[in-house]
file final-v6.cif (mmCIF, C-alpha atoms)
data_run
loop_
_atom_site.label_atom_id
_atom_site.label_comp_id
_atom_site.auth_asym_id
_atom_site.auth_seq_id
_atom_site.Cartn_x
_atom_site.Cartn_y
_atom_site.Cartn_z
CA MET A 29 -83.32 56.27 100.76
CA SER A 30 -84.13 55.76 104.42
CA GLN A 31 -82.90 59.17 105.60
CA PRO A 32 -82.95 62.64 104.01
CA LEU A 33 -79.85 63.45 102.00
CA GLY A 34 -79.31 66.77 103.75
CA LEU A 35 -79.06 69.07 100.70
CA SER A 36 -79.84 72.68 101.55
CA ALA A 37 -82.15 74.67 99.32
CA GLU A 38 -79.16 76.84 98.39
CA VAL A 39 -77.12 73.82 97.20
CA THR A 40 -80.05 72.33 95.31
CA GLU A 41 -80.64 75.64 93.55
CA GLN A 42 -76.97 75.96 92.68
CA LEU A 43 -76.89 72.44 91.21
CA GLY A 44 -79.89 73.29 89.09
CA ALA A 45 -78.23 76.46 87.81
CA MET A 46 -75.20 74.41 86.75
CA LEU A 47 -77.28 71.96 84.74
CA PRO A 48 -76.64 73.52 81.25
CA GLU A 49 -72.89 73.65 81.88
CA VAL A 50 -72.74 70.10 83.23
CA ALA A 51 -74.81 68.85 80.29
CA ARG A 52 -72.50 70.58 77.81
CA ASP A 53 -69.38 69.13 79.46
CA THR A 54 -70.97 65.68 79.59
CA VAL A 55 -71.84 65.67 75.89
CA ALA A 56 -68.40 66.90 74.95
CA ALA A 57 -66.69 64.19 77.03
CA VAL A 58 -68.89 61.42 75.63
CA THR A 59 -68.33 62.41 71.99
CA GLN A 60 -64.60 62.74 72.60
CA GLU A 61 -63.97 59.56 74.58
CA VAL A 62 -66.39 57.04 73.03
CA PRO A 63 -65.44 56.30 69.38
CA SER A 64 -69.00 55.29 68.45
CA TYR A 65 -70.19 58.81 69.29
CA SER A 66 -67.35 60.63 67.56
CA GLY A 67 -68.74 63.50 65.51
CA ALA A 68 -72.25 62.79 66.77
CA LEU A 69 -72.86 66.39 67.81
CA GLN A 70 -73.78 67.17 64.22
CA GLY A 71 -77.26 66.52 62.88
CA PRO A 72 -80.16 64.64 64.51
CA MET A 73 -77.91 62.45 66.65
CA GLY A 74 -76.44 65.50 68.37
CA ALA A 75 -79.91 66.69 69.32
CA THR A 76 -80.78 63.19 70.60
CA ILE A 77 -77.67 63.01 72.79
CA ASN A 78 -78.22 66.50 74.19
CA GLN A 79 -81.85 65.72 74.97
CA ALA A 80 -80.94 62.42 76.64
CA VAL A 81 -78.28 64.09 78.80
CA GLN A 82 -80.59 66.96 79.78
CA MET A 83 -83.35 64.52 80.74
CA ALA A 84 -80.97 62.37 82.78
CA LEU A 85 -79.51 65.34 84.68
CA LYS A 86 -82.92 66.86 85.37
CA GLY A 87 -84.09 63.46 86.53
CA PHE A 88 -81.20 63.29 88.95
CA LEU A 89 -82.00 66.69 90.45
CA THR A 90 -85.59 65.55 90.92
CA LEU A 91 -84.26 62.42 92.59
CA ALA A 92 -82.01 64.49 94.85
CA ARG A 93 -84.99 66.58 95.98
CA GLN A 94 -87.04 63.44 96.57
CA ALA A 95 -84.18 62.06 98.64
CA GLU A 96 -84.92 64.75 101.20
CA THR A 97 -88.17 62.95 101.96
CA GLY A 98 -86.57 59.49 101.85
CA SER A 99 -88.42 58.54 98.62
CA GLY A 100 -85.56 58.87 96.13
CA THR A 101 -86.21 56.58 93.17
CA PRO A 102 -85.93 57.58 89.50
CA HIS A 103 -89.35 58.65 88.29
CA ARG A 104 -91.03 56.71 85.48
CA ALA A 105 -90.52 59.31 82.73
CA THR A 106 -86.74 59.27 83.22
CA LEU A 107 -86.56 55.47 83.17
CA ASP A 108 -88.82 55.35 80.11
CA GLY A 109 -86.52 57.84 78.42
CA ALA A 110 -83.48 55.66 79.20
CA TYR A 111 -85.30 52.60 77.85
CA ALA A 112 -86.19 54.47 74.64
CA LEU A 113 -82.58 55.62 74.33
CA GLY A 114 -81.39 52.01 74.47
CA ARG A 115 -83.80 50.99 71.70
CA GLY A 116 -82.73 53.94 69.59
CA GLU A 117 -79.05 53.13 69.98
CA ALA A 118 -79.70 49.53 68.90
CA ARG A 119 -81.50 50.79 65.79
CA SER A 120 -78.53 53.06 65.08
CA GLY A 121 -76.19 50.08 65.18
CA ARG A 122 -74.31 51.10 68.32
CA SER A 123 -73.45 48.44 70.83
CA MET A 124 -74.62 48.39 74.44
CA GLU A 125 -70.97 48.59 75.47
CA ALA A 126 -70.73 52.03 73.81
CA LEU A 127 -73.85 53.27 75.60
CA LEU A 128 -72.65 51.97 78.98
CA ALA A 129 -69.32 53.70 78.41
CA ALA A 130 -71.23 56.91 77.72
CA TYR A 131 -73.11 56.50 81.00
CA ARG A 132 -69.88 55.96 82.94
CA ILE A 133 -68.28 59.02 81.42
CA GLY A 134 -71.42 61.06 81.97
CA ALA A 135 -71.55 60.05 85.62
CA ARG A 136 -67.90 60.97 86.08
CA VAL A 137 -68.26 64.42 84.49
CA ALA A 138 -71.52 65.24 86.23
CA TRP A 139 -70.19 64.11 89.59
CA ARG A 140 -67.04 66.17 89.19
CA GLY A 141 -68.98 69.36 88.43
CA TRP A 142 -71.67 68.96 91.03
CA SER A 143 -69.37 67.68 93.79
CA GLU A 144 -67.11 70.69 93.35
CA ALA A 145 -70.10 72.96 93.71
CA ALA A 146 -71.43 71.05 96.71
CA ALA A 147 -68.04 71.08 98.45
CA ALA A 148 -67.66 74.81 97.77
CA ALA A 149 -71.07 75.36 99.38
CA GLY A 150 -69.80 73.65 102.54
CA MET A 151 -71.51 70.28 102.19
CA PRO A 152 -70.27 67.94 104.98
CA ALA A 153 -68.10 64.99 103.91
CA VAL A 154 -70.71 62.47 105.10
CA THR A 155 -73.40 64.12 103.00
CA LEU A 156 -71.03 64.38 100.04
CA ALA A 157 -70.39 60.62 100.26
CA ARG A 158 -74.12 59.88 100.32
CA PHE A 159 -74.54 62.29 97.41
CA ALA A 160 -71.97 60.24 95.43
CA GLU A 161 -73.85 57.03 96.23
CA LEU A 162 -77.03 58.60 94.92
CA VAL A 163 -75.35 59.71 91.66
CA PHE A 164 -73.92 56.30 90.82
CA ALA A 165 -76.98 54.35 91.97
CA TYR A 166 -79.01 56.58 89.66
CA ILE A 167 -76.67 55.87 86.75
CA ASP A 168 -76.95 52.13 87.43
CA GLU A 169 -80.74 52.31 87.16
CA LEU A 170 -80.59 54.32 83.94
CA SER A 171 -78.04 51.90 82.51
CA ALA A 172 -80.25 48.92 83.36
CA ALA A 173 -83.26 50.57 81.68
CA SER A 174 -81.23 51.36 78.55
CA ALA A 175 -79.79 47.84 78.46
CA ALA A 176 -83.33 46.42 78.57
CA GLY A 177 -84.37 48.69 75.71
CA HIS A 178 -81.31 47.77 73.66
CA THR A 179 -81.91 44.03 74.19
CA ASP A 180 -85.62 44.29 73.36
CA GLU A 181 -84.92 46.23 70.17
CA LEU A 182 -82.36 43.70 68.98
CA ALA A 183 -84.76 40.86 69.73
CA THR A 184 -87.56 42.60 67.82
CA THR A 185 -85.26 43.47 64.93
CA GLY A 186 -83.98 39.91 64.83
CA ARG A 187 -87.49 38.47 64.65
CA VAL A 188 -88.48 40.89 61.90
CA ARG A 189 -85.35 40.05 59.88
CA GLU A 190 -85.99 36.32 60.36
CA ARG A 191 -89.46 36.81 58.85
CA TYR A 192 -87.98 38.71 55.91
CA LEU A 193 -85.38 35.99 55.35
CA GLU A 194 -88.10 33.34 55.45
CA GLN A 195 -90.13 35.30 52.88
CA LEU A 196 -87.01 35.53 50.72
CA ALA A 197 -86.48 31.76 50.89
CA GLN A 198 -90.13 31.20 49.96
CA GLY A 199 -89.80 33.62 47.05
CA LEU A 200 -86.68 31.86 45.79
CA LEU A 201 -88.33 28.42 45.84
CA ALA A 202 -91.49 29.85 44.22
CA GLU A 203 -89.32 31.37 41.45
CA ALA A 204 -90.58 34.89 42.09
CA PRO A 205 -89.55 37.57 39.53
CA LEU A 206 -85.99 38.83 39.90
CA ASP A 207 -87.03 42.37 40.88
CA ALA A 208 -89.26 40.93 43.62
CA LEU A 209 -86.35 38.81 44.87
CA HIS A 210 -84.07 41.85 45.00
CA GLU A 211 -86.73 43.74 46.97
CA LEU A 212 -87.04 40.89 49.47
CA ALA A 213 -83.24 40.71 49.76
CA ASP A 214 -83.06 44.45 50.49
CA ARG A 215 -85.76 44.23 53.16
CA ALA A 216 -83.90 41.36 54.82
CA ASP A 217 -80.55 43.17 54.55
CA TRP A 218 -79.26 40.10 52.69
CA ALA A 219 -76.38 40.34 50.23
CA PRO A 220 -76.92 37.72 47.48
CA PRO A 221 -74.09 35.17 47.14
CA SER A 222 -72.91 33.89 43.78
CA THR A 223 -74.60 30.51 44.24
CA LEU A 224 -77.11 28.74 46.43
CA THR A 225 -77.35 24.98 46.91
CA ALA A 226 -80.52 23.31 48.17
CA LEU A 227 -80.26 20.80 51.00
CA LEU A 228 -83.08 18.67 52.36
CA VAL A 229 -82.22 18.15 56.01
CA PRO A 230 -84.09 16.44 58.88
CA GLN A 231 -84.87 18.99 61.59
CA ALA A 232 -82.61 17.25 64.08
CA GLN A 233 -79.58 17.86 61.85
CA VAL A 234 -80.24 21.48 60.85
CA ARG A 235 -78.20 23.16 63.59
CA ALA A 236 -75.08 21.09 62.90
CA VAL A 237 -75.31 21.77 59.17
CA LEU A 238 -75.93 25.51 59.53
CA GLY A 239 -72.89 25.79 61.78
CA THR A 240 -70.62 24.90 58.84
CA LEU A 241 -72.24 27.18 56.25
CA ASP A 242 -71.85 30.76 55.08
CA ALA A 243 -73.89 33.17 57.24
CA ARG A 244 -75.97 34.14 54.19
CA SER A 245 -77.45 30.64 54.00
CA LEU A 246 -81.23 30.51 54.35
CA GLN A 247 -83.57 28.07 56.07
CA LEU A 248 -87.20 27.19 55.48
CA ASP A 249 -89.09 24.58 57.51
CA VAL A 250 -91.21 22.08 55.57
CA THR A 251 -93.22 19.64 57.75
CA ASP A 252 -90.68 17.47 59.62
CA ASP A 253 -87.79 18.50 57.40
CA ALA A 254 -85.99 21.73 56.63
CA VAL A 255 -84.83 23.18 53.34
CA VAL A 256 -81.46 24.87 53.70
CA LEU A 257 -80.20 27.08 50.88
CA ALA A 258 -76.42 27.02 51.34
CA ALA A 259 -74.57 30.11 50.14
CA ASP A 260 -71.43 29.68 47.99
CA LEU A 261 -70.89 26.05 48.97
CA SER A 262 -67.44 24.92 47.79
CA ALA A 263 -66.39 21.39 46.81
CA SER A 264 -64.83 20.91 50.24
CA GLY A 265 -67.97 22.37 51.78
CA ARG A 266 -70.09 19.74 50.00
CA THR A 267 -67.85 17.02 51.42
CA ARG A 268 -68.16 18.51 54.90
CA VAL A 269 -71.96 18.71 54.70
CA LEU A 270 -72.32 15.17 53.38
CA ALA A 271 -70.22 13.93 56.30
CA LEU A 272 -72.66 15.58 58.71
CA LEU A 273 -75.83 14.26 57.08
CA HIS A 274 -77.19 10.86 58.02
CA GLY A 275 -80.38 8.87 57.79
CA PRO A 276 -83.17 8.86 55.20
CA GLY A 277 -84.29 12.08 53.56
CA SER A 278 -80.91 13.85 53.60
CA VAL A 279 -80.19 15.23 50.14
CA LEU A 280 -77.66 17.71 48.75
CA GLY A 281 -78.71 19.33 45.48
CA PRO A 282 -76.53 20.90 42.78
CA ALA A 283 -75.27 24.49 42.99
CA ARG A 284 -77.18 27.14 41.07
CA SER A 285 -76.97 30.91 40.70
CA TRP A 286 -78.71 32.36 43.76
CA ASP A 287 -81.86 33.42 41.85
CA ARG A 288 -82.25 29.94 40.27
CA VAL A 289 -81.96 27.85 43.43
CA ALA A 290 -85.51 26.53 42.86
CA SER A 291 -83.95 24.26 40.20
CA SER A 292 -81.53 22.87 42.79
CA TYR A 293 -84.46 22.27 45.15
CA ARG A 294 -86.50 20.38 42.52
CA LEU A 295 -83.56 18.13 41.70
CA ALA A 296 -82.93 17.50 45.40
CA VAL A 297 -86.56 16.43 45.84
CA ARG A 298 -86.25 14.04 42.90
CA ALA A 299 -82.87 12.77 44.07
CA ARG A 300 -84.44 11.80 47.39
CA GLU A 301 -86.12 8.90 45.55
CA LEU A 302 -82.75 7.52 44.42
CA GLY A 303 -81.46 6.33 47.77
CA GLU A 304 -81.93 6.17 51.52
CA GLY A 305 -79.56 9.04 52.16
CA PRO A 306 -77.52 10.97 52.38
CA VAL A 307 -77.78 11.51 48.63
CA ASP A 308 -75.53 13.82 46.63
CA ALA A 309 -77.50 14.83 43.55
CA ASP A 310 -74.27 15.61 41.69
CA GLN A 311 -73.42 11.90 41.85
CA HIS A 312 -76.78 10.89 40.33
CA LEU A 313 -77.08 13.28 37.39
CA PRO A 314 -77.53 10.54 34.73
CA ALA A 315 -80.39 8.99 36.68
CA LEU A 316 -81.93 12.42 37.24
CA VAL A 317 -81.74 13.19 33.53
CA LEU A 318 -83.20 9.83 32.53
CA THR A 319 -86.09 10.09 34.99
CA ALA A 320 -86.88 13.75 34.29
CA ASP A 321 -89.84 12.74 32.09
CA GLY A 322 -91.15 9.33 33.09
CA GLU A 323 -93.63 9.04 30.23
CA ALA A 324 -91.06 9.97 27.59
CA LEU A 325 -88.62 7.43 29.05
CA ALA A 326 -91.31 4.72 28.99
CA ASP A 327 -92.03 5.50 25.33
CA LEU A 328 -88.34 5.40 24.49
CA ARG A 329 -87.88 2.04 26.25
CA ARG A 330 -90.85 0.52 24.39
CA ARG A 331 -89.48 1.58 21.02
CA ALA A 332 -85.81 0.78 21.69
CA LEU A 333 -86.51 -2.63 23.27
CA ALA A 334 -89.31 -3.66 20.93
CA PRO A 335 -87.23 -6.49 19.38
CA LEU A 336 -87.19 -8.19 22.80
CA GLU A 337 -90.95 -8.15 23.33
CA GLY A 338 -91.61 -11.73 22.21
CA LEU A 339 -89.11 -13.30 24.61
CA ARG A 340 -89.86 -15.01 27.89
CA PRO A 341 -89.31 -12.66 30.91
CA VAL A 342 -86.20 -14.50 32.14
CA ALA A 343 -84.58 -14.55 28.70
CA ARG A 344 -85.49 -10.93 28.08
CA GLU A 345 -83.98 -9.83 31.41
CA LYS A 346 -80.66 -11.59 30.64
CA LEU A 347 -80.42 -10.10 27.16
CA GLU A 348 -81.25 -6.59 28.48
CA GLU A 349 -78.53 -6.71 31.11
CA THR A 350 -76.05 -8.11 28.56
CA LEU A 351 -76.88 -5.41 26.03
CA ARG A 352 -76.57 -2.69 28.69
CA SER A 353 -73.17 -3.94 29.82
CA TRP A 354 -72.01 -4.38 26.21
CA LEU A 355 -72.93 -0.76 25.42
CA LEU A 356 -71.31 0.61 28.58
CA HIS A 357 -68.10 -1.39 28.06
CA GLN A 358 -68.00 -0.51 24.35
CA GLY A 359 -68.19 -4.13 23.22
CA ARG A 360 -65.23 -5.43 25.22
CA ARG A 361 -66.27 -9.05 25.79
CA GLU A 362 -63.94 -9.78 28.71
CA ALA A 363 -65.10 -6.65 30.56
CA VAL A 364 -68.75 -7.54 29.98
CA ALA A 365 -68.17 -11.06 31.27
CA ALA A 366 -66.48 -9.76 34.40
CA ASP A 367 -69.31 -7.29 34.94
CA LEU A 368 -72.00 -9.98 34.61
CA PHE A 369 -70.01 -12.77 36.32
CA VAL A 370 -70.41 -15.05 33.31
CA HIS A 371 -68.05 -16.78 30.88
CA PRO A 372 -66.97 -14.76 27.81
CA GLN A 373 -68.52 -17.45 25.63
CA THR A 374 -71.86 -16.76 27.31
CA VAL A 375 -71.48 -13.11 26.36
CA ARG A 376 -70.68 -14.13 22.79
CA TYR A 377 -73.74 -16.37 22.64
CA ARG A 378 -76.08 -13.70 24.00
CA MET A 379 -74.70 -11.01 21.71
CA GLY A 380 -75.30 -13.41 18.80
CA GLN A 381 -78.95 -13.57 19.86
CA LEU A 382 -79.14 -9.79 20.13
CA ARG A 383 -77.66 -9.31 16.67
CA ASP A 384 -80.23 -11.68 15.28
CA LEU A 385 -82.97 -9.58 16.93
CA TYR A 386 -81.59 -6.10 16.15
CA GLY A 387 -79.65 -6.68 12.96
CA GLU A 388 -77.75 -3.63 11.71
CA ARG A 389 -79.39 -1.36 14.26
CA LEU A 390 -76.66 -2.24 16.76
CA ASP A 391 -74.22 -0.47 14.41
CA ASP A 392 -76.40 2.63 13.92
CA PRO A 393 -75.17 5.46 16.23
CA GLU A 394 -78.66 6.91 16.64
CA GLN A 395 -80.12 3.53 17.54
CA VAL A 396 -77.24 2.91 19.94
CA LEU A 397 -78.00 6.27 21.63
CA HIS A 398 -81.64 5.25 22.05
CA LEU A 399 -80.58 1.95 23.60
CA VAL A 400 -78.12 3.63 25.97
CA LEU A 401 -80.85 5.98 27.18
CA ALA A 402 -83.45 3.23 27.38
CA LEU A 403 -81.18 0.95 29.40
CA GLY A 404 -79.40 3.67 31.36
CA ALA A 405 -82.10 3.83 34.05
CA GLY A 406 -81.74 0.13 34.70
#

call {"tool": "encode", "arguments": {"input": "final-v6.cif", "output": "structure tokens"}}
result
Amino acid sequence: MSQPLGLSAEVTEQLGAMLPEVARDTVAAVTQEVPSYSGALQGPMGATINQAVQMALKGFLTLARQAETGSGTPHRATLDGAYALGRGEARSGRSMEALLAAYRIGARVAWRGWSEAAAAAGMPAVTLARFAELVFAYIDELSAASAAGHTDELATTGRVRERYLEQLAQGLLAEAPLDALHELADRADWAPPSTLTALLVPQAQVRAVLGTLDARSLQLDVTDDAVVLAADLSASGRTRVLALLHGPGSVLGPARSWDRVASSYRLAVRARELGEGPVDADQHLPALVLTADGEALADLRRRALAPLEGLRPVAREKLEETLRSWLLHQGRREAVAADLFVHPQTVRYRMGQLRDLYGERLDDPEQVLHLVLALGAG
């Protein structure tokens, strides 16, 4: 302040003597009028509130005395205390709005008590007005310090929780033991959903996708792509996500129980090889099954298609596609012809060749199963 406030020693002393009463009234008003602080006088929180109010009021009296020399600014300890209070309130889950309301109520109660005492002591109206300015300017500075503390705490807490959620996603994809997954979930304050579905998403599309998903969905960055583990993704949700995905590398895996989402991720990675994208793994399950073990499939194809080995490549290719279509259409010649864009007589001729090569094996259910599997990846 540029000029002394004009408080007499008698008034300053009287204000100091009133401090316990003003503090008590302030705490009572805050706990009564701000729902978030209802019942907070009991236990550790009551002690914290009382201490904060006492520190703030003492800080103001110090400021009032400093104002007599024209140097009235809240001293560092008081501002640090307000900052720490803001951080503590964020940790307790109370909003900044609740704390600001407490400051407003505190300022009102303190001003009412002290102004009555100052007026009774004969303080001039001009001085009383400047005294009011000092009270509310002081509250503004304390509020700003607490708001900064509250914001910083939330930012820190958010970063810590993000790290925990990332560790949880890593643990899920690494198939960590169930008890370890539960521990990671507890640390991240994450309530497990019924299912998780793995998505492989280019980084540029992550934000749009996450905006449509359950808040419990997880994200893990992998090189230029992201793995998103979508929580409780419904059938309509799958449709919505697929509509958002575009370009190569976009894959939607199958749903799995939350602790088995690594299986969904592995299938999504394999499904990426089946198309440019977006790829819905649920629509490619036969191909995923048939290609699960490449060596076993190669062995099966060699055994099942052995009768065709002596044919020229062109002839073999035509008979393979005819046999595949014949198996899939359950021997309906007209349907096979339409599928292959050939005349039904051509189908009859080719099937005659195949029967010569396979004999009764085409009527053996087990041999038919081998052929279906061998030709299914074609």

call {"tool": "closest_residue", "arguments": {"input": "final-v6.cif", "among": "A:Ala153, A:Leu89, A:Ala263, A:Leu193", "to": "Leu212 (chain A)", "atoms": "only C-alpha atoms"}}
result
A:Leu193

call {"tool": "resolve_selection", "arguments": {"input": "final-v6.cif", "expression": "the PyMOL selection byres ((chain A and resi 347) around 9)", "output": "list in words"}}
result
Leu336, Val342, Ala343, Arg344, Glu345, Lys346, Glu348, Glu349, Thr350, Leu351, Arg352, Arg378, Met379, Gln381 and Leu382 of chain A

call {"tool": "closest_residue", "arguments": {"input": "final-v6.cif", "among": "A:Ala226, A:Ala204, A:Ala75, A:Val50", "to": "Val137 (chain A)", "atoms": "all atoms listed in the file"}}
result
A:Val50

call {"tool": "resolve_selection", "arguments": {"input": "final-v6.cif", "expression": "the PyMOL selection byres ((chain A and resi 238-241) around 8)", "output": "list in words"}}
result
Val234, Arg235, Ala236, Val237, Asp242, Ala243, Ser245, Ala258, Ala259, Leu261, Gly265, Arg268 and Val269 of chain A

call {"tool": "residues_around", "arguments": {"input": "final-v6.cif", "residues": "region 109-125 of chain A", "least_positions_apart": "5", "cutoff": "7 Å", "atoms": "all atoms listed in the file", "output": "number ranges by chain"}}
result
A: 64, 170, 173-178, 181-182

call {"tool": "resolve_selection", "arguments": {"input": "final-v6.cif", "expression": "the PyMOL selection byres ((chain A and resi 131) around 12)", "output": "PDB file with C-alpha atoms, keeping the file's coordinate frame"}}
result
ATOM      1  CA  THR A  54     -70.970  65.680  79.590  1.00  0.00           C
ATOM      2  CA  VAL A  55     -71.840  65.670  75.890  1.00  0.00           C
ATOM      3  CA  ALA A  57     -66.690  64.190  77.030  1.00  0.00           C
ATOM      4  CA  VAL A  58     -68.890  61.420  75.630  1.00  0.00           C
ATOM      5  CA  THR A  59     -68.330  62.410  71.990  1.00  0.00           C
ATOM      6  CA  GLU A  61     -63.970  59.560  74.580  1.00  0.00           C
ATOM      7  CA  VAL A  62     -66.390  57.040  73.030  1.00  0.00           C
ATOM      8  CA  ILE A  77     -77.670  63.010  72.790  1.00  0.00           C
ATOM      9  CA  ALA A  80     -80.940  62.420  76.640  1.00  0.00           C
ATOM     10  CA  VAL A  81     -78.280  64.090  78.800  1.00  0.00           C
ATOM     11  CA  ALA A  84     -80.970  62.370  82.780  1.00  0.00           C
ATOM     12  CA  LEU A  85     -79.510  65.340  84.680  1.00  0.00           C
ATOM     13  CA  ALA A 110     -83.480  55.660  79.200  1.00  0.00           C
ATOM     14  CA  LEU A 113     -82.580  55.620  74.330  1.00  0.00           C
ATOM     15  CA  GLY A 114     -81.390  52.010  74.470  1.00  0.00           C
ATOM     16  CA  MET A 124     -74.620  48.390  74.440  1.00  0.00           C
ATOM     17  CA  GLU A 125     -70.970  48.590  75.470  1.00  0.00           C
ATOM     18  CA  ALA A 126     -70.730  52.030  73.810  1.00  0.00           C
ATOM     19  CA  LEU A 127     -73.850  53.270  75.600  1.00  0.00           C
ATOM     20  CA  LEU A 128     -72.650  51.970  78.980  1.00  0.00           C
ATOM     21  CA  ALA A 129     -69.320  53.700  78.410  1.00  0.00           C
ATOM     22  CA  ALA A 130     -71.230  56.910  77.720  1.00  0.00           C
ATOM     23  CA  ARG A 132     -69.880  55.960  82.940  1.00  0.00           C
ATOM     24  CA  ILE A 133     -68.280  59.020  81.420  1.00  0.00           C
ATOM     25  CA  GLY A 134     -71.420  61.060  81.970  1.00  0.00           C
ATOM     26  CA  ALA A 135     -71.550  60.050  85.620  1.00  0.00           C
ATOM     27  CA  ARG A 136     -67.900  60.970  86.080  1.00  0.00           C
ATOM     28  CA  VAL A 137     -68.260  64.420  84.490  1.00  0.00           C
ATOM     29  CA  ALA A 138     -71.520  65.240  86.230  1.00  0.00           C
ATOM     30  CA  TRP A 139     -70.190  64.110  89.590  1.00  0.00           C
ATOM     31  CA  VAL A 163     -75.350  59.710  91.660  1.00  0.00           C
ATOM     32  CA  PHE A 164     -73.920  56.300  90.820  1.00  0.00           C
ATOM     33  CA  ALA A 165     -76.980  54.350  91.970  1.00  0.00           C
ATOM     34  CA  TYR A 166     -79.010  56.580  89.660  1.00  0.00           C
ATOM     35  CA  ILE A 167     -76.670  55.870  86.750  1.00  0.00           C
ATOM     36  CA  ASP A 168     -76.950  52.130  87.430  1.00  0.00           C
ATOM     37  CA  GLU A 169     -80.740  52.310  87.160  1.00  0.00           C
ATOM     38  CA  LEU A 170     -80.590  54.320  83.940  1.00  0.00           C
ATOM     39  CA  SER A 171     -78.040  51.900  82.510  1.00  0.00           C
ATOM     40  CA  ALA A 172     -80.250  48.920  83.360  1.00  0.00           C
ATOM     41  CA  ALA A 173     -83.260  50.570  81.680  1.00  0.00           C
ATOM     42  CA  SER A 174     -81.230  51.360  78.550  1.00  0.00           C
ATOM     43  CA  ALA A 175     -79.790  47.840  78.460  1.00  0.00           C
TER      44      ALA A 175
END

call {"tool": "residues_near_point", "arguments": {"input": "final-v6.cif", "point": "(-83.3, 45.5, 55.1)", "cutoff": "12 Å", "atoms": "only C-alpha atoms", "output": "list in words"}}
result
Thr185, Gly186, Val188, Arg189, Glu190, Arg191, Tyr192, Leu193, Leu196, His210, Glu211, Leu212, Ala213, Asp214, Arg215, Ala216, Asp217, Trp218 and Ala219 of chain A

call {"tool": "atom_distance", "arguments": {"input": "final-v6.cif", "atom1": "CA of Thr225 (chain A)", "atom2": "CA of Thr184 (chain A)"}}
result
29.2 Å

call {"tool": "closest_residue", "arguments": {"input": "final-v6.cif", "among": "A:Ala402, A:Leu47, A:Val154, A:Ala56", "to": "Ala324 (chain A)", "atoms": "only C-alpha atoms"}}
result
A:Ala402

call {"tool": "atom_distance", "arguments": {"input": "final-v6.cif", "atom1": "CA of Val307 (chain A)", "atom2": "CA of Val279 (chain A)"}}
result
4.7 Å

call {"tool": "closest_residue", "arguments": {"input": "final-v6.cif", "among": "A:Arg361, A:Lys86, A:Arg329, A:Arg298", "to": "Leu316 (chain A)", "atoms": "only C-alpha atoms"}}
result
A:Arg298

call {"tool": "atom_distance", "arguments": {"input": "final-v6.cif", "atom1": "CA of Thr90 (chain A)", "atom2": "CA of Ala105 (chain A)"}}
result
11.4 Å

call {"tool": "residues_around", "arguments": {"input": "final-v6.cif", "residues": "Asp249 (chain A)", "least_positions_apart": "4", "cutoff": "12 Å", "atoms": "all atoms listed in the file", "output": "VMD selection string"}}
result
chain A and resid 194 to 195 197 to 198 227 to 232 234 253 to 257

call {"tool": "write_last_selection", "arguments": {"input": "final-v6.cif", "atoms": "C-alpha atoms", "output": "PDB file, in the frame of the given file"}}
result
ATOM      1  CA  GLU A 194     -88.100  33.340  55.450  1.00  0.00           C
ATOM      2  CA  GLN A 195     -90.130  35.300  52.880  1.00  0.00           C
ATOM      3  CA  ALA A 197     -86.480  31.760  50.890  1.00  0.00           C
ATOM      4  CA  GLN A 198     -90.130  31.200  49.960  1.00  0.00           C
ATOM      5  CA  LEU A 227     -80.260  20.800  51.000  1.00  0.00           C
ATOM      6  CA  LEU A 228     -83.080  18.670  52.360  1.00  0.00           C
ATOM      7  CA  VAL A 229     -82.220  18.150  56.010  1.00  0.00           C
ATOM      8  CA  PRO A 230     -84.090  16.440  58.880  1.00  0.00           C
ATOM      9  CA  GLN A 231     -84.870  18.990  61.590  1.00  0.00           C
ATOM     10  CA  ALA A 232     -82.610  17.250  64.080  1.00  0.00           C
ATOM     11  CA  VAL A 234     -80.240  21.480  60.850  1.00  0.00           C
ATOM     12  CA  ASP A 253     -87.790  18.500  57.400  1.00  0.00           C
ATOM     13  CA  ALA A 254     -85.990  21.730  56.630  1.00  0.00           C
ATOM     14  CA  VAL A 255     -84.830  23.180  53.340  1.00  0.00           C
ATOM     15  CA  VAL A 256     -81.460  24.870  53.700  1.00  0.00           C
ATOM     16  CA  LEU A 257     -80.200  27.080  50.880  1.00  0.00           C
TER      17      LEU A 257
END

call {"tool": "residues_around", "arguments": {"input": "final-v6.cif", "residues": "Leu318 (chain A)", "least_positions_apart": "4", "cutoff": "10 Å", "atoms": "all atoms listed in the file", "output": "PyMOL selection string"}}
result
chain A and resi 313-314+322+324-325+401-405

call {"tool": "axis_aligned_box", "arguments": {"input": "final-v6.cif", "around": "region 203-222 of chain A", "padding_each_side": "8 Å", "output": "lines of an AutoDock Vina configuration file"}}
result
center_x = -81.7
center_y = 37.9
center_z = 47.2
size_x = 33.7
size_y = 29.1
size_z = 31.3

call {"tool": "residues_around", "arguments": {"input": "final-v6.cif", "residues": "Ala332 (chain A)", "least_positions_apart": "6", "cutoff": "10 Å", "atoms": "only C-alpha atoms", "output": "number ranges by chain"}}
result
A: 326, 386, 395-403

call {"tool": "residues_around", "arguments": {"input": "final-v6.cif", "residues": "Ser222 (chain A)", "least_positions_apart": "3", "cutoff": "7 Å", "atoms": "all atoms listed in the file", "output": "PyMOL selection string"}}
result
chain A and resi 260+285-286
